[in-house]
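Please read the structure below before turning to the comments.
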Amino acid sequence: MVDQYFRIDQKLLALAEEAQQAASAQFKEIDRIAEHCSAKVLRALQEEHVSAACFAGSNGYGHDDVGRDTLDRVWARVFGTEDALVRHQFVSGTHTLSTALFGVLRPGDLMVSITGAPYDTLEEVIGIRGEGYGSLADYGIRYEKCDLRSDGTLDFDAIPAAIQNAKVVYLQRSRGYSLRPALTIAEIRAAVSLIRQTRPDAIIMLDNCYGEFVDYEEPTEVGADVAIGSLIKNAGGGIAQTGGYIAGRADLIEQCACRLTCVGGGKEIGCSLTHSREMYLGLFFAPEVVANAKKTGAFAAELFRRLGFTVLPGKERTAGDIITVIQLGSEDAVCAFCKGIQAGSPVDSFVTPEPWDMAGYESKIIMAAGAFTNGASIELSADAPIREPYAVYLQGGLTYTSGKIGVLTAAQTMLDAGLISLAP
């Protein structure tokens, strides 16, 4: 029993059991999606004849790296694309997105985001905040956005006029540090159809971070030209230690590769060192690990609704990513929640997270992440900007059991601080 090892109030445990029962229908659908995606990944590994030789790695220039090139083909099969670029040289999701944008855009081109403002760290890449230092704006690449509707969904009426001159139509699947809902595959399919009718030659580029294996299909399977993500989020399965991927049309992938390495080198260079096996294994585990993260989020949502908090996504909406947003209402509550998540983690559980000025963000950020891989948000983590409406963003959970314990520890920490109360 959990209370044999962790000090959790008995009333809170009873509430947790109620919450878990309430999430049982969601758990069944999550398992069905995981089974489908696991079969898709397994078949791709088999069709590309993955063998032990693929795990050997390479050094130096990385010429004729069998494992690297085979992994690209596996990824392309999983995502239903012509090609893919999967590399440990990508240092973050933002770096991977930046590489893709600089890869396909040229001076004078227009990028239009139809999901409103982009994630905080991309603002400096685009050149709408910060000093520049080689942003898209510094190279004469223009940026515009089409705002979302008041309910946070795509404004299908406004999109056609907004993208008339766009070279790249950009979508961010996840909510970022906002309360708007993450895009579902159904919404992405509808957006792709509208874009094709309005601007057939536009490149449809999608930030897929936090969204991989959440649904039966990936955005590129419903028409997006390019999908981009990080390997220390969903797609790395908690095993890849670093890296990112770009999957999509072959010509666009080559342009991105030439940006990552150099013109003339492209995909042909870049050694894999010792990272090949973990990237393969991470992809293999990813659908099941994502399912555990989704279950952790579903449990947390049910529990904190019962504790009186507003939680997103609402029960009436299909989740588009692994993030659960809990509106806690105050800085003290946010910090207590994050302190509890940290205390319930397997690594650095003795550390107390504090808000700080993090590179790339406008507001102070508090992050709780006792992870085996630094910053891996597929592992249980919680973070929040210290600003209204004081919402915390919970994601990850390599196993459902450990994720559930972490959520309970967060609730107990708030209870100890007098920030929540339990009915007698």
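If you're wondering about the labels, chains in the structure tokens are A, B, ... by order shown, residues count from 1 in each chain, ligands from 1 in order shown.
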
Compile the contact shell of Cys258 (chain A) as a compact mmCIF listing (two decimals) with C-alpha atoms, in the first residue's frame: residues with an atom at most 8 Å away, counting only C-alpha atoms, same-chain residues fewer than 6 positions apart removed.
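Generated file (result29.txt):
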```txt
# COMPACT_ATOMS: atom_id res chain seq x y z
CA GLY A 103 15.64 25.26 -43.12
CA GLY A 264 26.27 19.87 -49.32
CA GLY A 265 26.51 17.68 -46.24
CA GLY A 266 22.89 17.40 -45.24
CA LYS A 267 21.84 13.99 -43.94
```

Problem set entry | Who sits within 10 Å of Asn234 (chain A), only C-alpha atoms, same chain under 3 positions skipped, as a ChimeraX atom specification | /A:208-214,229-231,237-238,282-283,285-291,293,321-322,376-379,396

Selected residues, C-alpha atoms, written as a PDB file, in the first residue's frame, please.
```pdb
ATOM      1  CA  ASN A 208       4.177  18.121 -32.314  1.00  0.00           C
ATOM      2  CA  CYS A 209       5.840  18.377 -28.884  1.00  0.00           C
ATOM      3  CA  TYR A 210       3.836  16.580 -26.168  1.00  0.00           C
ATOM      4  CA  GLY A 211       1.498  15.144 -28.821  1.00  0.00           C
ATOM      5  CA  GLU A 212       3.199  12.024 -30.165  1.00  0.00           C
ATOM      6  CA  PHE A 213       1.210   8.778 -29.697  1.00  0.00           C
ATOM      7  CA  VAL A 214      -1.586  10.575 -27.858  1.00  0.00           C
ATOM      8  CA  GLY A 229       9.353  17.190 -31.736  1.00  0.00           C
ATOM      9  CA  SER A 230      11.797  16.439 -28.935  1.00  0.00           C
ATOM     10  CA  LEU A 231      13.143  13.041 -27.917  1.00  0.00           C
ATOM     11  CA  GLY A 237      10.010   7.031 -24.336  1.00  0.00           C
ATOM     12  CA  GLY A 238      11.957   8.209 -21.297  1.00  0.00           C
ATOM     13  CA  GLY A 282      12.956   4.902 -26.697  1.00  0.00           C
ATOM     14  CA  LEU A 283      10.765   4.856 -29.801  1.00  0.00           C
ATOM     15  CA  PHE A 285       8.714   2.093 -25.533  1.00  0.00           C
ATOM     16  CA  ALA A 286       7.156   5.471 -26.397  1.00  0.00           C
ATOM     17  CA  PRO A 287       3.504   4.467 -26.998  1.00  0.00           C
ATOM     18  CA  GLU A 288       3.300   2.633 -23.666  1.00  0.00           C
ATOM     19  CA  VAL A 289       5.120   5.383 -21.766  1.00  0.00           C
ATOM     20  CA  VAL A 290       2.837   8.022 -23.294  1.00  0.00           C
ATOM     21  CA  ALA A 291      -0.124   5.928 -22.142  1.00  0.00           C
ATOM     22  CA  ALA A 293       1.662   9.752 -18.775  1.00  0.00           C
ATOM     23  CA  ASP A 321      -1.370  16.204 -25.651  1.00  0.00           C
ATOM     24  CA  ILE A 322      -0.110  14.772 -22.342  1.00  0.00           C
ATOM     25  CA  ALA A 376      12.699  15.184 -19.685  1.00  0.00           C
ATOM     26  CA  SER A 377       9.044  16.139 -19.510  1.00  0.00           C
ATOM     27  CA  ILE A 378       7.851  12.648 -20.388  1.00  0.00           C
ATOM     28  CA  GLU A 379       8.975  11.850 -16.848  1.00  0.00           C
ATOM     29  CA  GLY A 396       4.686  12.827 -17.785  1.00  0.00           C
TER      30      GLY A 396
END
```

For this session: Do a neighbour search on Phe284 (chain A) at 9 Å with only C-alpha atoms, toss out local chain neighbours closer than 3 positions, and write the hits as a ChimeraX atom specification.
Result: /A:38,41-42,45,236-237,279-281,287-288

For this session: Please identify all polymer residues within 9 Å of Tyr245 (chain A), counting only C-alpha atoms, omitting same-chain residues fewer than 5 positions from it, and present them as number ranges by chain.
Result: A: 72, 75, 84-88, 90, 93, 96, 227-231, 235

Limited to C-alpha atoms, could you put the picked residues into a file as a PDB file, in the first residue's frame?
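New file selection.pdb:
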```pdb
ATOM      1  CA  ASP A  72      15.277   7.859 -40.150  1.00  0.00           C
ATOM      2  CA  TRP A  75      10.563   7.171 -38.096  1.00  0.00           C
ATOM      3  CA  ALA A  84      12.745  11.971 -41.405  1.00  0.00           C
ATOM      4  CA  LEU A  85      15.719  13.509 -39.618  1.00  0.00           C
ATOM      5  CA  VAL A  86      16.260  11.988 -36.159  1.00  0.00           C
ATOM      6  CA  ARG A  87      19.406  13.244 -34.453  1.00  0.00           C
ATOM      7  CA  HIS A  88      20.919  13.510 -30.999  1.00  0.00           C
ATOM      8  CA  PHE A  90      19.201  18.565 -31.611  1.00  0.00           C
ATOM      9  CA  GLY A  93      12.501  20.948 -29.009  1.00  0.00           C
ATOM     10  CA  THR A  96      14.603  21.401 -33.591  1.00  0.00           C
ATOM     11  CA  ALA A 227       6.028  17.492 -37.846  1.00  0.00           C
ATOM     12  CA  ILE A 228       8.691  18.346 -35.281  1.00  0.00           C
ATOM     13  CA  GLY A 229       9.353  17.190 -31.736  1.00  0.00           C
ATOM     14  CA  SER A 230      11.797  16.439 -28.935  1.00  0.00           C
ATOM     15  CA  LEU A 231      13.143  13.041 -27.917  1.00  0.00           C
ATOM     16  CA  ALA A 235       8.872  10.319 -28.665  1.00  0.00           C
TER      17      ALA A 235
END
```

Problem set entry | Near-Gly248 (chain A) list (8 Å; only C-alpha atoms; drop same-chain fewer than 4 positions) as a list of chain:residue names |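 The contact residues come out as A:Ala76, A:Thr81, A:Glu82, A:Asp83, A:Ala84, A:Thr220, A:Ala224, A:Asp225, A:Val226, A:Ala227, A:Leu252, A:Ile253.
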
For this session: Between CA of Gly418 (chain A) and CA of Lys11 (chain A), measure the distance and give it in Å to one decimal.
Result: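 Between CA of Gly418 (chain A) and CA of Lys11 (chain A) the gap works out to 15.0 Å.
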
For this session: Within 8 Å of Ile420 (chain A), counting only C-alpha atoms, which residues show up once you throw out same-chain ones fewer than 5 positions away? Write them as a list of chain:residue names, please.
Result: A:Leu307, A:Met414, A:Leu415

Skipping near chain neighbours, those fewer than 6 positions away, what residues fall within 10 Å of Gly134 (chain A) using only C-alpha atoms, listed as a PDB file with N, CA and C atoms, in the first residue's frame?
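Dumped to selection_0.pdb:
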```pdb
ATOM      1  N   GLU A 124      11.813  34.422 -29.349  1.00  0.00           N
ATOM      2  CA  GLU A 124      13.116  34.992 -29.692  1.00  0.00           C
ATOM      3  C   GLU A 124      13.643  34.420 -31.003  1.00  0.00           C
ATOM      4  N   VAL A 125      13.323  33.169 -31.303  1.00  0.00           N
ATOM      5  CA  VAL A 125      13.712  32.573 -32.591  1.00  0.00           C
ATOM      6  C   VAL A 125      13.055  33.344 -33.728  1.00  0.00           C
ATOM      7  N   ILE A 126      11.774  33.648 -33.574  1.00  0.00           N
ATOM      8  CA  ILE A 126      11.042  34.380 -34.609  1.00  0.00           C
ATOM      9  C   ILE A 126      11.495  35.832 -34.676  1.00  0.00           C
ATOM     10  N   GLY A 127      11.788  36.423 -33.510  1.00  0.00           N
ATOM     11  CA  GLY A 127      12.229  37.814 -33.472  1.00  0.00           C
ATOM     12  C   GLY A 127      11.163  38.766 -32.990  1.00  0.00           C
TER      13      GLY A 127
END
```

Problem set entry | Interatomic distance, CA of Ser276 (chain A) to CA of Val66 (chain A) (Å, one decimal) |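 Atom-to-atom, CA of Ser276 (chain A) to CA of Val66 (chain A), that is 9.9 Å.
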
Problem set entry | Residue nearest Gly297 (chain A) - candidates A:Arg387, A:Arg180, A:Lys315, A:Arg196, atoms counted: only C-alpha atoms |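 Once distances to Gly297 (chain A) are computed over only C-alpha atoms, the minimum belongs to A:Lys315.
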
Exercise. Counting only C-alpha atoms, which of A:Thr153, A:Thr242, A:Thr184, A:Thr115 gets nearest to Tyr170 (chain A)?
Worked result: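 The answer is A:Thr115, which sits nearest to Tyr170 (chain A).
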
For this session: Give me every alpha helix (DSSP H) residue in region 163-208 of chain A, going by DSSP on the backbone, as a ChimeraX atom specification.
Result: /A:185-198

For this session: Select, from A:Asp251, A:Glu221, A:Asp65, A:Asp151, the residue with the minimum atom-to-atom distance to Ala53 (chain A), counting only C-alpha atoms.
Result: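 Among A:Asp251, A:Glu221, A:Asp65, A:Asp151, it is A:Asp65 that comes nearest to Ala53 (chain A).
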
Write out as a Markdown table the residues of region 272-307 of chain A that have any atom within 9 Å of an atom of region 324-327 of chain A, one row each with the nearest atom pair and its distance in Å to one decimal, counting only C-alpha atoms, sorted by chain and then rising number.
```
| residue | atom | partner | partner_atom | distance |
| --- | --- | --- | --- | --- |
| A:Lys294 | CA | A:Thr324 | CA | 8.8 |
| A:Gly297 | CA | A:Thr324 | CA | 5.5 |
| A:Ala298 | CA | A:Thr324 | CA | 7.7 |
| A:Ala300 | CA | A:Thr324 | CA | 7.8 |
| A:Ala301 | CA | A:Thr324 | CA | 6.9 |
| A:Phe304 | CA | A:Ile326 | CA | 7.5 |
| A:Arg305 | CA | A:Ile326 | CA | 8.8 |
```

Exercise. Hey, can you check how far CA of Glu254 (chain A) sits from CA of Ile159 (chain A)?
Worked result: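 So the two atoms, CA of Glu254 (chain A) and CA of Ile159 (chain A), lie 28.7 Å apart.
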
Problem set entry | Picked from region 259-365 of chain A by DSSP as strand (DSSP E), as a PyMOL selection string | chain A and resi 310-312+324-327+365

At most 12 Å is the cut-off: for each residue in region 65-111 of chain A with any atom that close to an atom of region 136-142 of chain A, write down the nearest atom pair and the distance in Å rounded to one decimal, counting only C-alpha atoms, chain first then increasing number, as CSV.
```
residue,atom,partner,partner_atom,distance
A:Ser98,CA,A:Leu136,CA,9.0
A:Thr99,CA,A:Leu136,CA,10.9
A:Ala100,CA,A:Leu136,CA,11.6
A:Leu101,CA,A:Leu136,CA,8.3
A:Phe102,CA,A:Leu136,CA,7.2
A:Gly103,CA,A:Leu136,CA,10.9
A:Val104,CA,A:Ile141,CA,10.9
A:Leu105,CA,A:Ile141,CA,7.2
A:Arg106,CA,A:Ile141,CA,6.5
A:Pro107,CA,A:Gly140,CA,4.7
A:Gly108,CA,A:Ile141,CA,5.2
A:Asp109,CA,A:Ile141,CA,5.3
A:Leu110,CA,A:Arg142,CA,4.7
A:Met111,CA,A:Arg142,CA,6.1
```

Those same residues, written as a JSON list (two decimals), in the first residue's frame with N, CA and C atoms?
```
[["chain", "number", "residue", "atom", "x", "y", "z"],
["A", 98, "SER", "N", 13.52, 25.51, -34.53],
["A", 98, "SER", "CA", 14.31, 26.58, -35.15],
["A", 98, "SER", "C", 15.00, 26.08, -36.41],
["A", 99, "THR", "N", 15.57, 24.88, -36.33],
["A", 99, "THR", "CA", 16.23, 24.29, -37.49],
["A", 99, "THR", "C", 15.26, 24.12, -38.65],
["A", 100, "ALA", "N", 14.06, 23.66, -38.36],
["A", 100, "ALA", "CA", 13.06, 23.45, -39.40],
["A", 100, "ALA", "C", 12.64, 24.78, -40.03],
["A", 101, "LEU", "N", 12.40, 25.80, -39.20],
["A", 101, "LEU", "CA", 11.98, 27.09, -39.72],
["A", 101, "LEU", "C", 13.06, 27.72, -40.58],
["A", 102, "PHE", "N", 14.30, 27.74, -40.07],
["A", 102, "PHE", "CA", 15.40, 28.31, -40.85],
["A", 102, "PHE", "C", 15.70, 27.45, -42.08],
["A", 103, "GLY", "N", 15.38, 26.16, -41.99],
["A", 103, "GLY", "CA", 15.64, 25.26, -43.12],
["A", 103, "GLY", "C", 14.76, 25.55, -44.33],
["A", 104, "VAL", "N", 13.50, 25.89, -44.10],
["A", 104, "VAL", "CA", 12.57, 26.00, -45.23],
["A", 104, "VAL", "C", 12.22, 27.44, -45.58],
["A", 105, "LEU", "N", 12.46, 28.40, -44.69],
["A", 105, "LEU", "CA", 12.12, 29.79, -44.96],
["A", 105, "LEU", "C", 13.31, 30.57, -45.51],
["A", 106, "ARG", "N", 13.03, 31.54, -46.37],
["A", 106, "ARG", "CA", 14.06, 32.38, -46.98],
["A", 106, "ARG", "C", 13.68, 33.86, -46.81],
["A", 107, "PRO", "N", 14.64, 34.77, -46.93],
["A", 107, "PRO", "CA", 14.34, 36.19, -46.78],
["A", 107, "PRO", "C", 13.16, 36.61, -47.66],
["A", 108, "GLY", "N", 12.23, 37.33, -47.04],
["A", 108, "GLY", "CA", 11.03, 37.78, -47.75],
["A", 108, "GLY", "C", 9.85, 36.85, -47.58],
["A", 109, "ASP", "N", 10.09, 35.63, -47.14],
["A", 109, "ASP", "CA", 8.99, 34.68, -46.93],
["A", 109, "ASP", "C", 8.15, 35.09, -45.72],
["A", 110, "LEU", "N", 6.92, 34.60, -45.70],
["A", 110, "LEU", "CA", 6.01, 34.88, -44.60],
["A", 110, "LEU", "C", 5.64, 33.59, -43.88],
["A", 111, "MET", "N", 5.80, 33.61, -42.56],
["A", 111, "MET", "CA", 5.34, 32.53, -41.69],
["A", 111, "MET", "C", 4.10, 33.02, -40.96]]
```
